[in-house]
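Below is entry.pdb, holding PDB, C-alpha atoms and all ligand atoms.
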ATOM      1  CA  PRO A  65      24.595  37.517  22.554
ATOM      2  CA  LEU A  66      21.746  37.110  20.125
ATOM      3  CA  SER A  67      23.697  34.780  17.899
ATOM      4  CA  ALA A  68      25.016  31.439  19.132
ATOM      5  CA  ALA A  69      27.867  31.783  16.642
ATOM      6  CA  ALA A  70      29.001  34.983  18.392
ATOM      7  CA  ASP A  71      29.150  33.328  21.827
ATOM      8  CA  SER A  72      32.467  31.522  22.216
ATOM      9  CA  SER A  73      31.261  29.771  25.405
ATOM     10  CA  ILE A  74      28.711  27.773  23.411
ATOM     11  CA  THR A  75      29.828  24.435  22.005
ATOM     12  CA  PRO A  76      29.251  24.518  18.250
ATOM     13  CA  LYS A  77      26.123  22.711  17.122
ATOM     14  CA  PRO A  78      26.346  20.052  14.421
ATOM     15  CA  LYS A  79      26.151  21.434  10.945
ATOM     16  CA  ILE A  80      22.525  21.657   9.850
ATOM     17  CA  PHE A  81      22.732  18.763   7.387
ATOM     18  CA  ASP A  82      24.047  16.544  10.180
ATOM     19  CA  GLU A  83      20.836  17.191  12.098
ATOM     20  CA  PHE A  84      18.882  15.617   9.239
ATOM     21  CA  ALA A  85      20.977  12.439   9.355
ATOM     22  CA  LEU A  86      19.216   9.217  10.336
ATOM     23  CA  THR A  87      22.429   7.269  10.824
ATOM     24  CA  ASP A  88      21.825   4.087  12.867
ATOM     25  CA  ARG A  89      18.095   4.812  13.155
ATOM     26  CA  VAL A  90      15.520   2.093  12.634
ATOM     27  CA  GLY A  91      12.115   2.875  11.150
ATOM     28  CA  LEU A  92       8.826   1.315  10.157
ATOM     29  CA  VAL A  93       6.817   2.380   7.095
ATOM     30  CA  SER A  94       3.357   1.156   6.150
ATOM     31  CA  GLY A  95       2.297   1.526   2.525
ATOM     32  CA  GLY A  96       5.955   1.147   1.617
ATOM     33  CA  ASN A  97       5.317  -1.198  -1.283
ATOM     34  CA  ARG A  98       4.847   1.714  -3.701
ATOM     35  CA  GLY A  99       3.832   5.364  -4.037
ATOM     36  CA  LEU A 100       4.457   7.892  -1.310
ATOM     37  CA  GLY A 101       5.294   5.272   1.324
ATOM     38  CA  LEU A 102       8.090   3.773  -0.768
ATOM     39  CA  GLU A 103       9.460   7.193  -1.728
ATOM     40  CA  MET A 104       9.576   8.220   1.930
ATOM     41  CA  ALA A 105      11.182   4.912   2.970
ATOM     42  CA  LEU A 106      13.874   5.449   0.330
ATOM     43  CA  ALA A 107      14.534   8.993   1.521
ATOM     44  CA  CYS A 108      15.066   7.698   5.069
ATOM     45  CA  CYS A 109      17.554   5.107   3.766
ATOM     46  CA  GLU A 110      19.407   7.812   1.848
ATOM     47  CA  ALA A 111      19.561   9.837   5.072
ATOM     48  CA  GLY A 112      21.383   6.850   6.582
ATOM     49  CA  ALA A 113      18.690   4.915   8.444
ATOM     50  CA  ARG A 114      20.215   1.590   9.378
ATOM     51  CA  VAL A 115      17.100  -0.268   8.333
ATOM     52  CA  VAL A 116      13.626   0.686   7.205
ATOM     53  CA  TYR A 117      10.962  -2.023   7.414
ATOM     54  CA  CYS A 118       8.080  -1.703   4.948
ATOM     55  CA  PHE A 119       4.963  -3.707   5.528
ATOM     56  CA  ASP A 120       2.099  -4.289   3.176
ATOM     57  CA  LEU A 121      -0.536  -6.734   2.047
ATOM     58  CA  PRO A 122       0.993  -8.927  -0.667
ATOM     59  CA  GLU A 123       3.215 -11.924  -0.084
ATOM     60  CA  LYS A 124       5.579 -10.546  -2.721
ATOM     61  CA  PRO A 125       6.763  -6.946  -2.899
ATOM     62  CA  SER A 126       6.214  -4.888  -6.054
ATOM     63  CA  ASP A 127       8.883  -4.661  -8.758
ATOM     64  CA  GLU A 128       9.241  -1.005  -7.758
ATOM     65  CA  TRP A 129      10.045  -2.046  -4.186
ATOM     66  CA  THR A 130      12.566  -4.701  -5.304
ATOM     67  CA  ALA A 131      14.362  -2.163  -7.513
ATOM     68  CA  SER A 132      14.417   0.256  -4.584
ATOM     69  CA  ARG A 133      15.954  -2.342  -2.289
ATOM     70  CA  ASP A 134      18.718  -2.938  -4.865
ATOM     71  CA  TYR A 135      19.254   0.824  -5.101
ATOM     72  CA  VAL A 136      19.577   1.091  -1.304
ATOM     73  CA  ALA A 137      22.110  -1.753  -1.263
ATOM     74  CA  LYS A 138      24.284   0.326  -3.592
ATOM     75  CA  LEU A 139      24.103   3.505  -1.510
ATOM     76  CA  GLY A 140      27.165   2.421   0.422
ATOM     77  CA  ASN A 141      25.901   3.908   3.707
ATOM     78  CA  ASN A 142      25.061   0.572   5.430
ATOM     79  CA  SER A 143      21.371   1.282   5.076
ATOM     80  CA  ARG A 144      18.882  -1.544   4.393
ATOM     81  CA  LEU A 145      15.332  -1.794   3.138
ATOM     82  CA  GLU A 146      13.364  -4.800   4.423
ATOM     83  CA  TYR A 147       9.860  -6.024   3.667
ATOM     84  CA  PHE A 148       7.234  -8.012   5.494
ATOM     85  CA  SER A 149       3.704  -8.852   4.617
ATOM     86  CA  ALA A 150       1.029  -7.536   6.969
ATOM     87  CA  ASN A 151      -2.379  -5.945   6.780
ATOM     88  CA  VAL A 152      -2.544  -2.681   8.710
ATOM     89  CA  THR A 153      -6.048  -3.526   9.906
ATOM     90  CA  ASN A 154      -4.681  -6.435  11.952
ATOM     91  CA  GLN A 155      -3.568  -4.825  15.196
ATOM     92  CA  GLN A 156      -2.226  -7.966  16.886
ATOM     93  CA  ALA A 157      -0.195  -9.056  13.845
ATOM     94  CA  LEU A 158       1.407  -5.608  13.575
ATOM     95  CA  TRP A 159       2.254  -5.466  17.259
ATOM     96  CA  LYS A 160       3.759  -8.962  17.185
ATOM     97  CA  LYS A 161       5.826  -8.454  14.045
ATOM     98  CA  THR A 162       7.073  -5.062  15.206
ATOM     99  CA  GLU A 163       8.038  -6.508  18.566
ATOM    100  CA  GLU A 164      10.133  -9.117  16.727
ATOM    101  CA  ILE A 165      11.818  -6.261  14.843
ATOM    102  CA  GLY A 166      12.507  -4.581  18.179
ATOM    103  CA  ASP A 167      14.074  -7.827  19.454
ATOM    104  CA  ILE A 168      16.374  -7.952  16.413
ATOM    105  CA  GLU A 169      17.292  -4.272  16.114
ATOM    106  CA  GLY A 170      17.222  -3.194  19.753
ATOM    107  CA  ARG A 171      15.597   0.136  18.882
ATOM    108  CA  MET A 172      12.775   1.842  17.015
ATOM    109  CA  ASP A 173      13.208   5.483  16.109
ATOM    110  CA  PHE A 174      10.605   6.544  13.596
ATOM    111  CA  CYS A 175       7.464   5.397  11.888
ATOM    112  CA  VAL A 176       5.622   6.572   8.790
ATOM    113  CA  ALA A 177       2.005   5.351   8.622
ATOM    114  CA  ALA A 178       1.301   5.798   4.910
ATOM    115  CA  ALA A 179      -0.920   2.850   3.931
ATOM    116  CA  GLY A 180      -4.205   4.147   2.645
ATOM    117  CA  ILE A 181      -7.043   3.555   0.194
ATOM    118  CA  LEU A 182      -9.369   5.909  -1.654
ATOM    119  CA  ARG A 183     -12.963   5.151  -2.594
ATOM    120  CA  SER A 184     -14.568   7.909  -4.587
ATOM    121  CA  GLY A 185     -18.230   7.458  -3.683
ATOM    122  CA  THR A 186     -19.759  10.901  -3.314
ATOM    123  CA  ASP A 187     -23.386  10.161  -2.491
ATOM    124  CA  CYS A 188     -23.179  10.735   1.245
ATOM    125  CA  LEU A 189     -26.872  10.034   1.827
ATOM    126  CA  GLU A 190     -26.671   6.590   0.219
ATOM    127  CA  TYR A 191     -23.054   5.700   0.974
ATOM    128  CA  PRO A 192     -22.812   1.926   1.644
ATOM    129  CA  ALA A 193     -21.899   0.973   5.202
ATOM    130  CA  GLN A 194     -19.503  -1.755   4.131
ATOM    131  CA  GLU A 195     -17.394   0.566   1.981
ATOM    132  CA  TYR A 196     -17.410   3.285   4.629
ATOM    133  CA  ARG A 197     -16.139   0.810   7.231
ATOM    134  CA  GLU A 198     -13.495  -0.510   4.843
ATOM    135  CA  VAL A 199     -12.005   2.943   4.236
ATOM    136  CA  LEU A 200     -11.993   3.882   7.901
ATOM    137  CA  ASP A 201     -10.512   0.507   8.787
ATOM    138  CA  VAL A 202      -7.417   1.082   6.625
ATOM    139  CA  ASN A 203      -7.023   4.876   6.753
ATOM    140  CA  THR A 204      -7.881   5.498  10.391
ATOM    141  CA  ASN A 205      -7.666   2.243  12.350
ATOM    142  CA  GLY A 206      -4.687   1.039  10.312
ATOM    143  CA  VAL A 207      -2.823   4.293  10.927
ATOM    144  CA  LEU A 208      -3.440   4.000  14.655
ATOM    145  CA  PHE A 209      -2.381   0.320  14.764
ATOM    146  CA  THR A 210       0.822   1.128  12.851
ATOM    147  CA  ALA A 211       1.643   4.030  15.148
ATOM    148  CA  GLN A 212       0.904   1.850  18.187
ATOM    149  CA  ALA A 213       3.153  -0.948  16.914
ATOM    150  CA  ALA A 214       6.096   1.418  16.490
ATOM    151  CA  GLY A 215       5.283   3.575  19.514
ATOM    152  CA  ARG A 216       5.254   0.550  21.819
ATOM    153  CA  GLN A 217       8.806  -0.269  20.733
ATOM    154  CA  MET A 218       9.905   3.375  21.097
ATOM    155  CA  SER A 219       8.510   3.291  24.618
ATOM    156  CA  ARG A 220      10.203  -0.059  25.327
ATOM    157  CA  PHE A 221      13.668   1.222  24.370
ATOM    158  CA  GLY A 222      13.276   4.622  26.012
ATOM    159  CA  ARG A 223      15.053   6.665  23.344
ATOM    160  CA  GLY A 224      12.028   8.672  22.240
ATOM    161  CA  GLY A 225      11.003   8.670  18.597
ATOM    162  CA  SER A 226       9.028  10.289  15.838
ATOM    163  CA  ILE A 227       5.623   9.071  14.641
ATOM    164  CA  ILE A 228       4.514  10.474  11.288
ATOM    165  CA  LEU A 229       0.885   9.901  10.333
ATOM    166  CA  ILE A 230       0.044  10.454   6.671
ATOM    167  CA  ALA A 231      -3.211  12.387   6.525
ATOM    168  CA  SER A 232      -4.283  14.538   3.551
ATOM    169  CA  MET A 233      -5.577  17.975   2.683
ATOM    170  CA  SER A 234      -8.842  16.050   2.342
ATOM    171  CA  GLY A 235      -8.891  15.852   6.145
ATOM    172  CA  SER A 236      -9.466  19.600   6.387
ATOM    173  CA  ILE A 237     -11.000  20.755   3.119
ATOM    174  CA  THR A 238     -13.101  19.274   0.376
ATOM    175  CA  ASN A 239     -14.220  20.064  -3.160
ATOM    176  CA  ARG A 240     -17.578  20.001  -4.897
ATOM    177  CA  GLY A 241     -17.528  16.938  -7.097
ATOM    178  CA  HIS A 242     -14.809  15.335  -4.946
ATOM    179  CA  ALA A 243     -16.492  15.325  -1.561
ATOM    180  CA  TRP A 244     -15.322  11.799  -0.853
ATOM    181  CA  VAL A 245     -17.194  11.281   2.395
ATOM    182  CA  SER A 246     -15.392   8.124   3.567
ATOM    183  CA  TYR A 247     -11.864   9.221   2.596
ATOM    184  CA  ASN A 248     -12.252  12.753   3.919
ATOM    185  CA  SER A 249     -13.688  11.576   7.248
ATOM    186  CA  SER A 250     -10.956   8.987   7.642
ATOM    187  CA  LYS A 251      -8.250  11.627   7.115
ATOM    188  CA  ALA A 252      -9.846  14.179   9.442
ATOM    189  CA  ALA A 253      -9.588  11.582  12.221
ATOM    190  CA  VAL A 254      -5.858  11.221  11.583
ATOM    191  CA  LEU A 255      -5.253  14.929  12.243
ATOM    192  CA  GLN A 256      -6.716  14.665  15.721
ATOM    193  CA  MET A 257      -5.068  11.275  16.287
ATOM    194  CA  ALA A 258      -1.650  12.909  15.857
ATOM    195  CA  ARG A 259      -2.482  15.645  18.365
ATOM    196  CA  SER A 260      -3.817  13.130  20.904
ATOM    197  CA  MET A 261      -0.772  10.894  20.561
ATOM    198  CA  ALA A 262       1.529  13.911  20.850
ATOM    199  CA  CYS A 263      -0.172  14.917  24.103
ATOM    200  CA  GLU A 264       0.084  11.480  25.650
ATOM    201  CA  LEU A 265       3.547  10.516  24.471
ATOM    202  CA  GLY A 266       5.414  13.797  24.925
ATOM    203  CA  GLU A 267       6.630  12.788  28.377
ATOM    204  CA  LYS A 268       8.434   9.854  26.736
ATOM    205  CA  ASN A 269       9.949  12.234  24.149
ATOM    206  CA  ILE A 270       7.942  10.464  21.470
ATOM    207  CA  ARG A 271       6.700  13.033  18.968
ATOM    208  CA  ALA A 272       3.633  12.592  16.769
ATOM    209  CA  ASN A 273       2.750  14.742  13.787
ATOM    210  CA  SER A 274       0.488  14.409  10.792
ATOM    211  CA  LEU A 275       1.662  15.139   7.265
ATOM    212  CA  SER A 276      -0.979  16.347   4.810
ATOM    213  CA  PRO A 277      -0.079  16.185   1.129
ATOM    214  CA  GLY A 278      -2.171  17.803  -1.583
ATOM    215  CA  TYR A 279      -2.699  16.078  -4.931
ATOM    216  CA  ILE A 280       0.388  13.993  -5.749
ATOM    217  CA  TYR A 281       0.748  11.834  -8.853
ATOM    218  CA  THR A 282       0.813   8.174  -7.680
ATOM    219  CA  SER A 283      -1.097   5.008  -8.566
ATOM    220  CA  MET A 284      -3.867   6.206  -6.218
ATOM    221  CA  THR A 285      -4.496   9.408  -8.167
ATOM    222  CA  ALA A 286      -3.581   7.858 -11.542
ATOM    223  CA  ALA A 287      -6.529   5.480 -11.130
ATOM    224  CA  PHE A 288      -8.814   8.538 -11.392
ATOM    225  CA  LEU A 289      -6.838  10.398 -14.001
ATOM    226  CA  ASP A 290      -6.795   7.393 -16.335
ATOM    227  CA  LYS A 291     -10.589   7.293 -16.303
ATOM    228  CA  GLN A 292     -11.190  11.066 -16.185
ATOM    229  CA  PRO A 293      -8.173  12.811 -17.790
ATOM    230  CA  HIS A 294      -9.803  16.249 -17.478
ATOM    231  CA  LEU A 295      -9.226  15.994 -13.708
ATOM    232  CA  PHE A 296      -5.527  16.568 -14.295
ATOM    233  CA  ASP A 297      -6.174  20.207 -15.190
ATOM    234  CA  VAL A 298      -8.866  20.580 -12.527
ATOM    235  CA  TRP A 299      -6.589  19.342  -9.750
ATOM    236  CA  SER A 300      -3.585  21.252 -11.079
ATOM    237  CA  SER A 301      -5.534  24.505 -11.055
ATOM    238  CA  MET A 302      -6.448  24.067  -7.386
ATOM    239  CA  ASN A 303      -3.066  25.262  -6.142
ATOM    240  CA  PRO A 304      -1.018  28.361  -6.916
ATOM    241  CA  LEU A 305       1.842  26.321  -8.366
ATOM    242  CA  GLY A 306      -0.594  25.053 -10.998
ATOM    243  CA  ARG A 307       0.492  21.414 -11.007
ATOM    244  CA  LEU A 308       0.283  18.089  -9.184
ATOM    245  CA  GLY A 309       3.022  17.237  -6.742
ATOM    246  CA  ARG A 310       5.601  14.500  -7.265
ATOM    247  CA  PRO A 311       6.222  11.782  -4.635
ATOM    248  CA  ASP A 312       9.860  12.904  -4.319
ATOM    249  CA  GLU A 313       8.640  16.290  -3.105
ATOM    250  CA  LEU A 314       7.874  14.660   0.269
ATOM    251  CA  ARG A 315      11.424  13.422   0.801
ATOM    252  CA  GLY A 316      12.688  16.503   2.615
ATOM    253  CA  VAL A 317       9.760  16.866   4.965
ATOM    254  CA  VAL A 318       9.704  13.216   6.008
ATOM    255  CA  THR A 319      13.435  13.093   6.788
ATOM    256  CA  TRP A 320      13.070  16.379   8.665
ATOM    257  CA  LEU A 321      10.220  14.980  10.765
ATOM    258  CA  ALA A 322      12.037  11.699  11.446
ATOM    259  CA  SER A 323      15.299  13.393  12.404
ATOM    260  CA  ASN A 324      16.856  15.580  15.085
ATOM    261  CA  ALA A 325      16.164  18.603  12.892
ATOM    262  CA  SER A 326      12.557  18.654  14.171
ATOM    263  CA  THR A 327      12.942  17.813  17.876
ATOM    264  CA  PHE A 328      10.537  20.574  19.033
ATOM    265  CA  CYS A 329       7.848  19.752  16.491
ATOM    266  CA  THR A 330       4.988  17.619  17.797
ATOM    267  CA  GLY A 331       1.193  17.692  17.593
ATOM    268  CA  SER A 332       1.402  19.581  14.297
ATOM    269  CA  ASP A 333      -0.050  19.042  10.867
ATOM    270  CA  ILE A 334       2.552  19.708   8.177
ATOM    271  CA  ILE A 335       0.927  20.672   4.878
ATOM    272  CA  VAL A 336       2.679  19.974   1.567
ATOM    273  CA  SER A 337       0.046  20.906  -0.983
ATOM    274  CA  GLY A 338       1.508  23.431  -3.413
ATOM    275  CA  GLY A 339      -0.590  26.015  -1.578
ATOM    276  CA  HIS A 340      -3.953  24.232  -1.983
ATOM    277  CA  HIS A 341      -5.765  25.414   1.129
ATOM    278  CA  SER A 342      -9.388  26.120   0.356
ATOM    279  CA  TRP A 343     -12.159  24.392  -1.522
TER     280      TRP A 343
HETATM  281  P1  LIG B 401      -0.870   4.150  -3.355
HETATM  282  O1  LIG B 401      -2.209   3.589  -3.686
HETATM  283  O2  LIG B 401       0.117   4.357  -4.440
HETATM  284  O3  LIG B 401      -0.170   3.300  -2.189
HETATM  285  C1  LIG B 401      -0.920   2.892  -1.077
HETATM  286  C2  LIG B 401      -0.145   1.864  -0.304
HETATM  287  O4  LIG B 401      -0.931   1.455   0.820
HETATM  288  C3  LIG B 401       0.186   0.623  -1.111
HETATM  289  O5  LIG B 401       1.516   0.239  -0.874
HETATM  290  C4  LIG B 401      -0.783  -0.411  -0.562
HETATM  291  O6  LIG B 401      -0.287  -1.731  -0.600
HETATM  292  C5  LIG B 401      -0.883   0.040   0.887
HETATM  293  N1  LIG B 401      -2.095  -0.510   1.540
HETATM  294  C6  LIG B 401      -3.388  -0.305   1.200
HETATM  295  N2  LIG B 401      -4.192  -0.980   2.037
HETATM  296  C7  LIG B 401      -3.393  -1.637   2.905
HETATM  297  C8  LIG B 401      -3.622  -2.504   4.012
HETATM  298  N3  LIG B 401      -4.867  -2.841   4.402
HETATM  299  N4  LIG B 401      -2.553  -2.985   4.702
HETATM  300  C9  LIG B 401      -1.295  -2.660   4.319
HETATM  301  N5  LIG B 401      -1.011  -1.843   3.291
HETATM  302  C10 LIG B 401      -2.045  -1.344   2.592
HETATM  303  O7  LIG B 401      -1.208   5.547  -2.637
HETATM  304  P2  LIG B 401      -0.306   6.827  -2.348
HETATM  305  O8  LIG B 401       1.106   6.473  -2.299
HETATM  306  O9  LIG B 401      -0.778   7.907  -3.214
HETATM  307  O10 LIG B 401      -0.840   7.182  -0.881
HETATM  308  C11 LIG B 401      -0.069   6.951   0.292
HETATM  309  C12 LIG B 401      -0.764   7.680   1.430
HETATM  310  O11 LIG B 401      -0.774   9.082   1.147
HETATM  311  C13 LIG B 401      -2.216   7.262   1.638
HETATM  312  O12 LIG B 401      -2.517   7.258   3.001
HETATM  313  C14 LIG B 401      -2.991   8.387   0.944
HETATM  314  O13 LIG B 401      -4.281   8.533   1.456
HETATM  315  C15 LIG B 401      -2.094   9.573   1.263
HETATM  316  N6  LIG B 401      -2.278  10.699   0.386
HETATM  317  C16 LIG B 401      -2.061  10.598  -0.964
HETATM  318  C17 LIG B 401      -2.236  11.689  -1.780
HETATM  319  C18 LIG B 401      -2.018  11.641  -3.242
HETATM  320  O14 LIG B 401      -2.381  12.613  -3.932
HETATM  321  N7  LIG B 401      -1.440  10.573  -3.795
HETATM  322  C19 LIG B 401      -2.660  12.986  -1.229
HETATM  323  C20 LIG B 401      -2.843  13.000   0.185
HETATM  324  C21 LIG B 401      -2.650  11.890   0.959
HETATM  325  P3  LIG B 401      -0.216  -2.540  -1.999
HETATM  326  O15 LIG B 401       0.967  -1.974  -2.732
HETATM  327  O16 LIG B 401      -0.033  -3.908  -1.569
HETATM  328  O17 LIG B 401      -1.511  -2.274  -2.702
END
Please go through the file and, once you have read it, give me the structure as structure tokens.
Ligand code: NDP
Amino acid sequence: PLSAAADSSITPKPKIFDEFALTDRVGLVSGGNRGLGLEMALACCEAGARVVYCFDLPEKPSDEWTASRDYVAKLGNNSRLEYFSANVTNQQALWKKTEEIGDIEGRMDFCVAAAGILRSGTDCLEYPAQEYREVLDVNTNGVLFTAQAAGRQMSRFGRGGSIILIASMSGSITNRGHAWVSYNSSKAAVLQMARSMACELGEKNIRANSLSPGYIYTSMTAAFLDKQPHLFDVWSSMNPLGRLGRPDELRGVVTWLASNASTFCTGSDIIVSGGHHSW
């Protein structure tokens, strides 16, 4: 029969919402101190992840993160949000800390590499080497080191896993006046990084996908909008929905990618941009 429901010999599948559940899963999120990373970490906790570890630069988490941890404690689903201080550009530190997490938790199921920085320099012919290196170090190297740290634990425990690399629409398209050469190059590399990791890790049932948001209102974009308020209308008009996205509009896609609802999705770039596709 065409429909599984019509075939009585087939054991019923879990209800679709059950496939999105992250019950007992353990995950790692970089850039989880605020913005999109924190919103995605929270969504994974709400979906039941046993514990989500956020790592970031500062010794102390943001007030936003602390409030989120308190919120998670009240969810009543045994989920936990934890924090540790680490710079994503330090490969050895990330590997070591994530191995310790593996020792404690005995598993690693998903990872969201969301730490990133934006430098707006647009003069590509004069762009300073130091700043170019700095952006690539966080947005490209840091994403790889985060994915490696989690992927090594996924490989160690042999349960497979889902690696989610936060790229950007800026990895595929650009705009006159916003042709951020360092940022855009760093994000383009992430798209191919996801495909390469997917190819290599598929035999271990470790999936790797990139997630490309369009313009979302966070502290990263607010830094521009505060100085140049007219950009709000410019950016809003770039997509058919005519507005900026909200961080919570990534909750569904990140839980989908982390969960059993996306088990045949790997090596893909998932675009969440309000339809912003061309420059
Ligand atoms: P935010 O600036 O709000 O958050 C960035 C996070 O990255 C912060 O938590 C920051 O830590 C962390 N971070 C920066 N550098 C490092 C580092 N070296 N080591 C560890 N953590 C670091 O940005 P968004 O939430 O907007 O962006 C999140 C991701 O989404 C980025 O990769 C960004 O490029 C991408 N993105 C964002 C879009 C948008 O419109 N907002 C659109 C497309 C992609 P701390 O809190 O300590 O500063």
Result set of the PyMOL selection byres (((chain A and resi 276-279) around 9) and not hetatm) on the coordinates above, as a PDB file with C-alpha atoms, in the coordinates of the input:
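Result written to result17.pdb:
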ATOM      1  CA  LEU A 229       0.885   9.901  10.333  1.00  0.00           C
ATOM      2  CA  ILE A 230       0.044  10.454   6.671  1.00  0.00           C
ATOM      3  CA  ALA A 231      -3.211  12.387   6.525  1.00  0.00           C
ATOM      4  CA  SER A 232      -4.283  14.538   3.551  1.00  0.00           C
ATOM      5  CA  MET A 233      -5.577  17.975   2.683  1.00  0.00           C
ATOM      6  CA  SER A 234      -8.842  16.050   2.342  1.00  0.00           C
ATOM      7  CA  GLY A 235      -8.891  15.852   6.145  1.00  0.00           C
ATOM      8  CA  LYS A 251      -8.250  11.627   7.115  1.00  0.00           C
ATOM      9  CA  LEU A 255      -5.253  14.929  12.243  1.00  0.00           C
ATOM     10  CA  SER A 274       0.488  14.409  10.792  1.00  0.00           C
ATOM     11  CA  LEU A 275       1.662  15.139   7.265  1.00  0.00           C
ATOM     12  CA  ILE A 280       0.388  13.993  -5.749  1.00  0.00           C
ATOM     13  CA  TYR A 281       0.748  11.834  -8.853  1.00  0.00           C
ATOM     14  CA  THR A 285      -4.496   9.408  -8.167  1.00  0.00           C
ATOM     15  CA  TRP A 299      -6.589  19.342  -9.750  1.00  0.00           C
ATOM     16  CA  SER A 300      -3.585  21.252 -11.079  1.00  0.00           C
ATOM     17  CA  ASN A 303      -3.066  25.262  -6.142  1.00  0.00           C
ATOM     18  CA  ARG A 307       0.492  21.414 -11.007  1.00  0.00           C
ATOM     19  CA  LEU A 308       0.283  18.089  -9.184  1.00  0.00           C
ATOM     20  CA  GLY A 309       3.022  17.237  -6.742  1.00  0.00           C
ATOM     21  CA  ARG A 310       5.601  14.500  -7.265  1.00  0.00           C
ATOM     22  CA  LEU A 314       7.874  14.660   0.269  1.00  0.00           C
ATOM     23  CA  ASP A 333      -0.050  19.042  10.867  1.00  0.00           C
ATOM     24  CA  ILE A 334       2.552  19.708   8.177  1.00  0.00           C
ATOM     25  CA  ILE A 335       0.927  20.672   4.878  1.00  0.00           C
ATOM     26  CA  VAL A 336       2.679  19.974   1.567  1.00  0.00           C
ATOM     27  CA  SER A 337       0.046  20.906  -0.983  1.00  0.00           C
ATOM     28  CA  GLY A 338       1.508  23.431  -3.413  1.00  0.00           C
ATOM     29  CA  GLY A 339      -0.590  26.015  -1.578  1.00  0.00           C
ATOM     30  CA  HIS A 340      -3.953  24.232  -1.983  1.00  0.00           C
ATOM     31  CA  HIS A 341      -5.765  25.414   1.129  1.00  0.00           C
TER      32      HIS A 341
END
>> Evaluate the PyMOL selection byres (((not hetatm)) within 8 of (chain B and resi 401)) against this structure - the residues, as a ChimeraX atom specification, please.
In response: /A:94-102,119-122,125-126,149-153,177-182,201-203,206,230-234,247,251,276-285,309,311
> What does the PyMOL selection byres (((chain A and resi 257) around 9) and not hetatm) select in this file, as a list of chain:residue names?
Replying inline: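 Taken on the displayed file, the PyMOL selection byres (((chain A and resi 257) around 9) and not hetatm) yields the residues A:Thr204, A:Leu208, A:Leu229, A:Ala252, A:Ala253, A:Val254, A:Leu255, A:Gln256, A:Ala258, A:Arg259, A:Ser260, A:Met261, A:Ala262, A:Ala272, A:Asn273, A:Ser274.
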>> What's around A:Ala214 at 7 Å? Count only C-alpha atoms, leave out sequence neighbours fewer than 3 positions away in its own chain, and write the answer as a PyMOL selection string.
In response: chain A and resi 92+162+172+175+210-211+217-218
>> Around (23.8, 19.2, 7.3), as given in the file, which residues come within 12 Å? Count all atoms listed in the file and list them as a list in words.
In response: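 Here is the list of nearby residues: Lys77, Pro78, Lys79, Ile80, Phe81, Asp82, Glu83, Phe84, Ala85, Leu86, Ala111, Trp320, Ser323, Asn324 and Ala325 of chain A.
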As lines of an AutoDock Vina configuration file: centre and edge lengths in Å, one decimal, of the axis-aligned box holding stretch 291-307 of chain A with 4 Å per side:
center_x = -4.7
center_y = 17.8
center_z = -12.0
size_x = 21.0
size_y = 29.1
size_z = 19.6
> Which residue, A:Arg240, A:Arg223, A:Arg216, A:Arg271, has the smallest gap to A:Thr327 when you use all atoms listed in the file?
Replying inline: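 Smallest distance to A:Thr327 is found for A:Arg271.
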> atom CA of A:Phe328 to atom CA of A:Asp88: how many Å, to one decimal?
Replying inline: 20.9 Å
> What does the distance from atom CA of A:Thr238 to atom CA of A:Asn205 come to in Å, to one decimal?
Replying inline: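 Interatomic distance, atom CA of A:Thr238 to atom CA of A:Asn205: 21.5 Å.
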